[in-house]
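Colleague: So here's structure-v2.txt (compact mmCIF, C-alpha atoms).
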```txt
# COMPACT_ATOMS: atom_id res chain seq x y z
CA MET A 15 0.00 0.00 0.00
CA PRO A 16 1.55 3.35 -0.98
CA ARG A 17 2.48 5.82 1.74
CA PRO A 18 0.00 8.71 2.07
CA VAL A 19 1.10 12.00 0.55
CA GLY A 20 3.11 13.97 3.11
CA ALA A 21 3.81 10.96 5.31
CA ARG A 22 7.34 10.47 6.55
CA ASN A 23 9.37 7.31 6.11
CA HIS A 24 10.36 5.49 9.30
CA ASP A 25 14.00 6.52 9.02
CA PHE A 26 13.23 10.15 8.16
CA LYS A 27 15.41 11.61 10.94
CA GLU A 28 18.41 9.44 10.11
CA LYS A 29 18.28 10.20 6.39
CA ARG A 30 17.74 13.90 7.03
CA ALA A 31 20.72 13.99 9.41
CA ALA A 32 22.94 12.32 6.79
CA LEU A 33 21.84 14.85 4.19
CA VAL A 34 22.48 17.74 6.58
CA ASP A 35 26.03 16.52 7.24
CA ALA A 36 26.75 16.24 3.51
CA LEU A 37 25.23 19.65 2.83
CA THR A 38 27.19 21.23 5.69
CA ASN A 39 30.48 19.80 4.44
CA PHE A 40 29.69 21.21 1.01
CA ALA A 41 28.82 24.64 2.44
CA LEU A 42 32.13 24.77 4.30
CA GLU A 43 34.22 23.70 1.32
CA ALA A 44 32.52 25.10 -1.80
CA ASP A 45 32.76 28.57 -3.33
CA LEU A 46 30.88 31.05 -1.18
CA ARG A 47 28.34 32.04 -3.83
CA ARG A 48 24.94 31.07 -2.43
CA PRO A 49 24.49 27.66 -4.13
CA SER A 50 21.18 26.93 -5.80
CA LEU A 51 18.94 24.12 -4.58
CA ARG A 52 20.15 22.10 -7.56
CA GLN A 53 23.79 22.60 -6.56
CA PHE A 54 22.98 21.59 -3.01
CA ALA A 55 21.25 18.46 -4.34
CA ILE A 56 24.21 17.49 -6.51
CA ALA A 57 26.59 17.99 -3.57
CA ALA A 58 24.45 15.75 -1.37
CA ASP A 59 24.07 13.13 -4.13
CA ALA A 60 20.32 13.62 -3.97
CA SER A 61 17.54 15.04 -6.11
CA GLU A 62 15.83 18.39 -5.69
CA PRO A 63 12.52 16.67 -4.81
CA THR A 64 14.39 14.74 -2.11
CA LEU A 65 15.71 17.96 -0.59
CA ARG A 66 12.23 19.47 -0.75
CA HIS A 67 10.87 16.41 1.03
CA TYR A 68 13.31 16.84 3.91
CA PHE A 69 13.73 20.63 4.03
CA ASP A 70 10.75 22.12 2.11
CA ASP A 71 12.86 24.60 0.09
CA ARG A 72 16.29 26.16 -0.29
CA ALA A 73 15.78 28.34 2.79
CA GLY A 74 15.09 25.20 4.78
CA VAL A 75 18.35 23.69 3.56
CA VAL A 76 20.32 26.76 4.63
CA VAL A 77 18.70 26.89 8.06
CA ALA A 78 19.44 23.19 8.59
CA ILE A 79 23.10 23.78 7.65
CA LEU A 80 23.39 26.70 10.08
CA GLU A 81 21.81 24.64 12.85
CA ASN A 82 24.28 21.84 12.16
CA ILE A 83 27.26 24.19 12.17
CA GLY A 84 26.01 25.45 15.52
CA GLN A 85 25.84 21.93 16.90
CA ARG A 86 29.37 21.24 15.68
CA GLY A 87 30.56 24.41 17.36
CA THR A 88 29.01 23.66 20.75
CA PRO A 89 32.06 21.78 22.17
CA ILE A 90 34.30 24.73 21.26
CA TRP A 91 31.93 27.23 22.87
CA ASN A 92 31.76 25.05 25.98
CA THR A 93 35.56 25.10 26.14
CA ILE A 94 35.69 28.86 25.68
CA SER A 95 33.07 29.53 28.37
CA VAL A 96 35.18 28.02 31.19
CA PRO A 97 36.18 30.91 33.55
CA ALA A 98 39.79 31.99 33.96
CA GLU A 99 41.73 33.40 36.91
CA SER A 100 41.61 36.97 35.58
CA PRO A 101 40.31 39.02 32.65
CA MET A 102 43.80 39.04 31.11
CA GLU A 103 43.97 35.26 31.26
CA ALA A 104 40.40 34.97 29.95
CA VAL A 105 41.27 37.00 26.85
CA GLU A 106 44.48 35.05 26.32
CA GLN A 107 42.66 31.71 26.59
CA TYR A 108 39.98 32.83 24.15
CA TYR A 109 42.46 33.90 21.49
CA ARG A 110 44.41 30.68 21.90
CA VAL A 111 41.33 28.60 21.10
CA ALA A 112 39.92 30.94 18.46
CA ASP A 113 43.25 31.33 16.67
CA ALA A 114 43.53 27.56 16.38
CA GLY A 115 40.02 27.46 14.95
CA MET A 116 40.90 30.19 12.47
CA ARG A 117 44.04 28.40 11.32
CA PHE A 118 43.02 24.75 11.32
CA ALA A 119 39.22 24.50 11.40
CA ASN A 120 36.37 26.01 9.42
CA PHE A 121 35.90 29.07 11.66
CA THR A 122 36.22 31.58 8.83
CA ARG A 123 34.18 29.75 6.20
CA ALA A 124 31.41 28.91 8.65
CA HIS A 125 30.91 32.55 9.60
CA ALA A 126 31.29 33.67 5.99
CA PHE A 127 28.56 31.24 4.91
CA GLY A 128 26.31 32.48 7.70
CA LEU A 129 26.95 36.13 6.86
CA ILE A 130 26.43 35.71 3.10
CA GLU A 131 23.20 33.76 3.52
CA GLY A 132 22.01 35.78 6.51
CA ILE A 133 22.41 39.20 4.91
CA ALA A 134 20.60 38.00 1.78
CA ASP A 135 17.69 36.33 3.57
CA GLU A 136 16.00 37.31 6.84
CA THR A 137 15.19 33.73 7.84
CA ALA A 138 18.79 32.67 7.34
CA GLY A 139 19.95 35.77 9.20
CA LYS A 140 17.94 34.85 12.27
CA ALA A 141 19.24 31.27 12.05
CA TYR A 142 22.84 32.53 11.87
CA LEU A 143 22.29 34.74 14.91
CA LYS A 144 20.59 32.02 16.91
CA ASN A 145 22.87 29.11 16.07
CA MET A 146 26.29 30.69 15.54
CA LEU A 147 26.89 34.35 16.29
CA GLU A 148 25.01 34.63 19.59
CA PRO A 149 26.38 31.35 21.02
CA ALA A 150 29.91 32.49 20.13
CA LEU A 151 29.41 35.83 21.89
CA THR A 152 27.63 34.23 24.84
CA SER A 153 30.54 31.84 25.41
CA ILE A 154 32.88 34.83 25.82
CA MET A 155 30.40 36.59 28.10
CA ASP A 156 30.08 33.48 30.28
CA LYS A 157 33.86 33.15 30.46
CA LEU A 158 34.30 36.74 31.59
CA ARG A 159 31.34 36.61 33.98
CA GLY A 160 33.03 33.81 35.91
CA SER A 161 36.53 35.30 35.78
CA PRO A 162 37.38 37.39 38.91
CA GLY A 163 37.88 41.07 38.18
CA SER A 164 35.82 41.14 35.00
CA PRO A 165 32.89 43.53 34.45
CA GLN A 166 29.58 41.99 35.45
CA SER A 167 26.79 44.01 33.85
CA VAL A 168 25.17 42.47 30.79
CA ASN A 169 25.90 45.53 28.66
CA ALA A 170 29.57 45.57 29.65
CA LEU A 171 29.95 41.83 29.05
CA ARG A 172 28.32 42.07 25.63
CA ALA A 173 30.52 45.02 24.67
CA ALA A 174 33.58 43.08 25.80
CA ALA A 175 32.55 39.98 23.84
CA LEU A 176 32.04 42.06 20.69
CA ALA A 177 35.40 43.78 21.17
CA ILE A 178 37.19 40.45 21.68
CA MET A 179 35.60 38.44 18.88
CA SER A 180 35.17 41.01 16.09
CA PRO A 181 38.86 41.72 15.29
CA LEU A 182 39.68 38.04 14.92
CA LEU A 183 36.67 37.41 12.67
CA ILE A 184 37.49 40.40 10.47
CA MET A 185 41.16 39.44 10.31
CA SER A 186 40.37 35.85 9.32
CA ILE A 187 38.00 36.98 6.55
CA HIS A 188 40.50 39.63 5.42
CA GLN A 189 43.35 37.13 5.15
CA GLY A 190 41.59 33.92 4.20
CA LEU A 191 38.70 34.92 1.93
CA LEU A 192 39.50 38.39 0.55
CA GLY A 193 43.05 37.70 -0.58
CA GLY A 194 44.66 39.71 2.17
CA ASP A 195 47.25 37.03 2.80
CA THR A 196 48.91 38.08 -0.47
CA GLU A 197 47.59 41.62 -1.07
CA ALA A 198 47.89 43.00 2.47
CA PRO A 199 49.42 40.41 4.82
CA ILE A 200 48.73 40.72 8.52
CA ASP A 201 51.07 39.37 11.18
CA ALA A 202 48.40 37.37 13.00
CA GLU A 203 50.59 36.45 15.94
CA ALA A 204 51.63 40.04 16.60
CA THR A 205 48.11 41.36 16.09
CA ILE A 206 46.62 38.86 18.50
CA GLY A 207 49.35 39.71 20.98
CA PHE A 208 48.39 43.39 20.87
CA LEU A 209 44.69 42.55 21.20
CA GLN A 210 45.35 40.33 24.21
CA SER A 211 47.38 43.03 25.92
CA TRP A 212 45.07 45.93 25.17
CA LEU A 213 41.76 44.18 25.85
CA GLY A 214 43.04 42.25 28.84
CA THR A 215 44.37 45.45 30.41
CA ALA A 216 41.16 47.36 29.67
CA LEU A 217 38.96 44.67 31.20
CA SER A 218 41.16 44.50 34.30
CA ALA A 219 40.92 48.24 34.96
```
Please lay out the structure from this file as structure tokens.
Modeller:
Amino acid sequence: MPRPVGARNHDFKEKRAALVDALTNFALEADLRRPSLRQFAIAADASEPTLRHYFDDRAGVVVAILENIGQRGTPIWNTISVPAESPMEAVEQYYRVADAGMRFANFTRAHAFGLIEGIADETAGKAYLKNMLEPALTSIMDKLRGSPGSPQSVNALRAAALAIMSPLLIMSIHQGLLGGDTEAPIDAEATIGFLQSWLGTALSA
């Protein structure tokens, strides 16, 4: 007996999860040019109707990818959120973890994908905020909140998180995706050293 229209197969969640992983890997490795639903389907070795069955439309695919990137990032954010002995040490620890992510993981491409899709589409923008940008900022806020000597008001913690994260994100996009590594090289180690010193000192004042 055929399955009723709209009914889900018994292994719907498992198959959807496998598709999301394949689509996420593609999003983090492909050219950052807002792939079409067809390109997503080819990358996942699936058909467009299959993607529509699991995600409804292209926007659904993008949201699922952003949610998956967020889940992959959770262990890193949990590591970052652990308090330090002082604001200076908290900033140093953050840059140590984030710099490794920038150099060896998909930190830059993940945020670039979220920004490109999020600026172009409101639904994707909210998904990027919810699943990636806000958790990243919150992990820094939590770290500082638990580190003795750090500011404690929500506004101060949010300002500090923005000041700590933004330069590294801009630098990684500048060097890795905009050709800055050849056109306008930045000494990442020296730059991060200055940021650690300046921000750590400011937060300790």
Colleague: Using all atoms listed in the file, pick whichever of A:Ala198, A:Met179, A:Ala36, A:Ala44 has the shortest atom-to-atom distance to Leu65 (chain A).
Modeller: A:Ala36
Colleague: Between A:Val105, A:Val168, A:Leu51, A:Val34, which one has atoms that come closest to Leu209 (chain A), using only C-alpha atoms?
Modeller: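 Residue with the minimum atom-to-atom distance to Leu209 (chain A): A:Val105.
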Colleague: Between CA of Asn169 (chain A) and CA of Tyr142 (chain A), what is the distance, to one decimal in Å?
Modeller: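 Between CA of Asn169 (chain A) and CA of Tyr142 (chain A) the gap works out to 21.5 Å.
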Colleague: For a quick check of understanding, using all atoms listed in the file, which of A:Phe127, A:Pro101, A:Thr205, A:Ala219 has the smallest distance to Asp45 (chain A)?
Modeller: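 The shortest atom-to-atom distance to Asp45 (chain A) comes from A:Phe127.
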Colleague: Could you check the closest approach to Asp25 (chain A) for each of A:Gly128, A:Tyr68, A:His188, A:Asp156 and tell me which residue wins, using all atoms listed in the file?
Modeller: A:Tyr68
Colleague: With only C-alpha atoms as the counted atoms, please give the residues lying no more than 9 Å from Ser50 (chain A), apart from itself and same-chain residues fewer than 4 positions off, as a PyMOL selection string.
Modeller: chain A and resi 54-55+72
Colleague: Which residue, A:Ala175, A:His24, A:Asp70, A:Arg30, has the smallest gap to Ser95 (chain A) when you use all atoms listed in the file?
Modeller: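 Of all the options, A:Ala175 lies closest to Ser95 (chain A).
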Colleague: Between A:Leu151, A:Ile184, A:Met102, A:Leu191, which is the closest to Arg172 (chain A) once you count only C-alpha atoms?
Modeller: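 Nearest candidate to Arg172 (chain A) out of A:Leu151, A:Ile184, A:Met102, A:Leu191: A:Leu151.
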Colleague: Taking (30.7, 37.9, 31.5) in the file's own coordinates, collect the residues within 9 Å, counting all atoms listed in the file, and hand them back as a ChimeraX atom specification.
Modeller: /A:152-161,164-168,170-172,174-175
Colleague: Quick one, how far is CA of Ala57 (chain A) from CA of Val77 (chain A)?
Modeller: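 Answer for the CA of Ala57 (chain A) to CA of Val77 (chain A) separation: 16.6 Å.
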Colleague: Contacts of Gly87 (chain A) at 9 Å or less, counting only C-alpha atoms, minus same-chain residues fewer than 5 places along, as a PDB file with C-alpha atoms, keeping the file's coordinate frame?
Modeller:
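And here is the file that came out, result.pdb:
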```
ATOM      1  CA  ASN A  82      24.280  21.840  12.160  1.00  0.00           C
ATOM      2  CA  ASN A  92      31.760  25.050  25.980  1.00  0.00           C
ATOM      3  CA  MET A 146      26.290  30.690  15.540  1.00  0.00           C
ATOM      4  CA  PRO A 149      26.380  31.350  21.020  1.00  0.00           C
ATOM      5  CA  ALA A 150      29.910  32.490  20.130  1.00  0.00           C
TER       6      ALA A 150
END
```
Colleague: Could you please determine the separation between CA of Gln53 (chain A) and CA of Gly132 (chain A) in Å, to one decimal place?
Modeller: 18.6 Å
Colleague: I'd like the contact shell of Gly115 (chain A) - 12 Å cut-off, only C-alpha atoms, skipping same-chain residues fewer than 2 positions apart - returned as a count of residues only.
Modeller: 22
Colleague: Taking the point (48.4, 39.8, 28.0) as given in the file, collect each protein or nucleic acid residue that comes within 7 Å of it, counting only C-alpha atoms, and present the set as a list in words.
Modeller: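 In the file's frame, the residues around the point are Met102, Glu106, Gln210, Ser211 and Gly214 of chain A.
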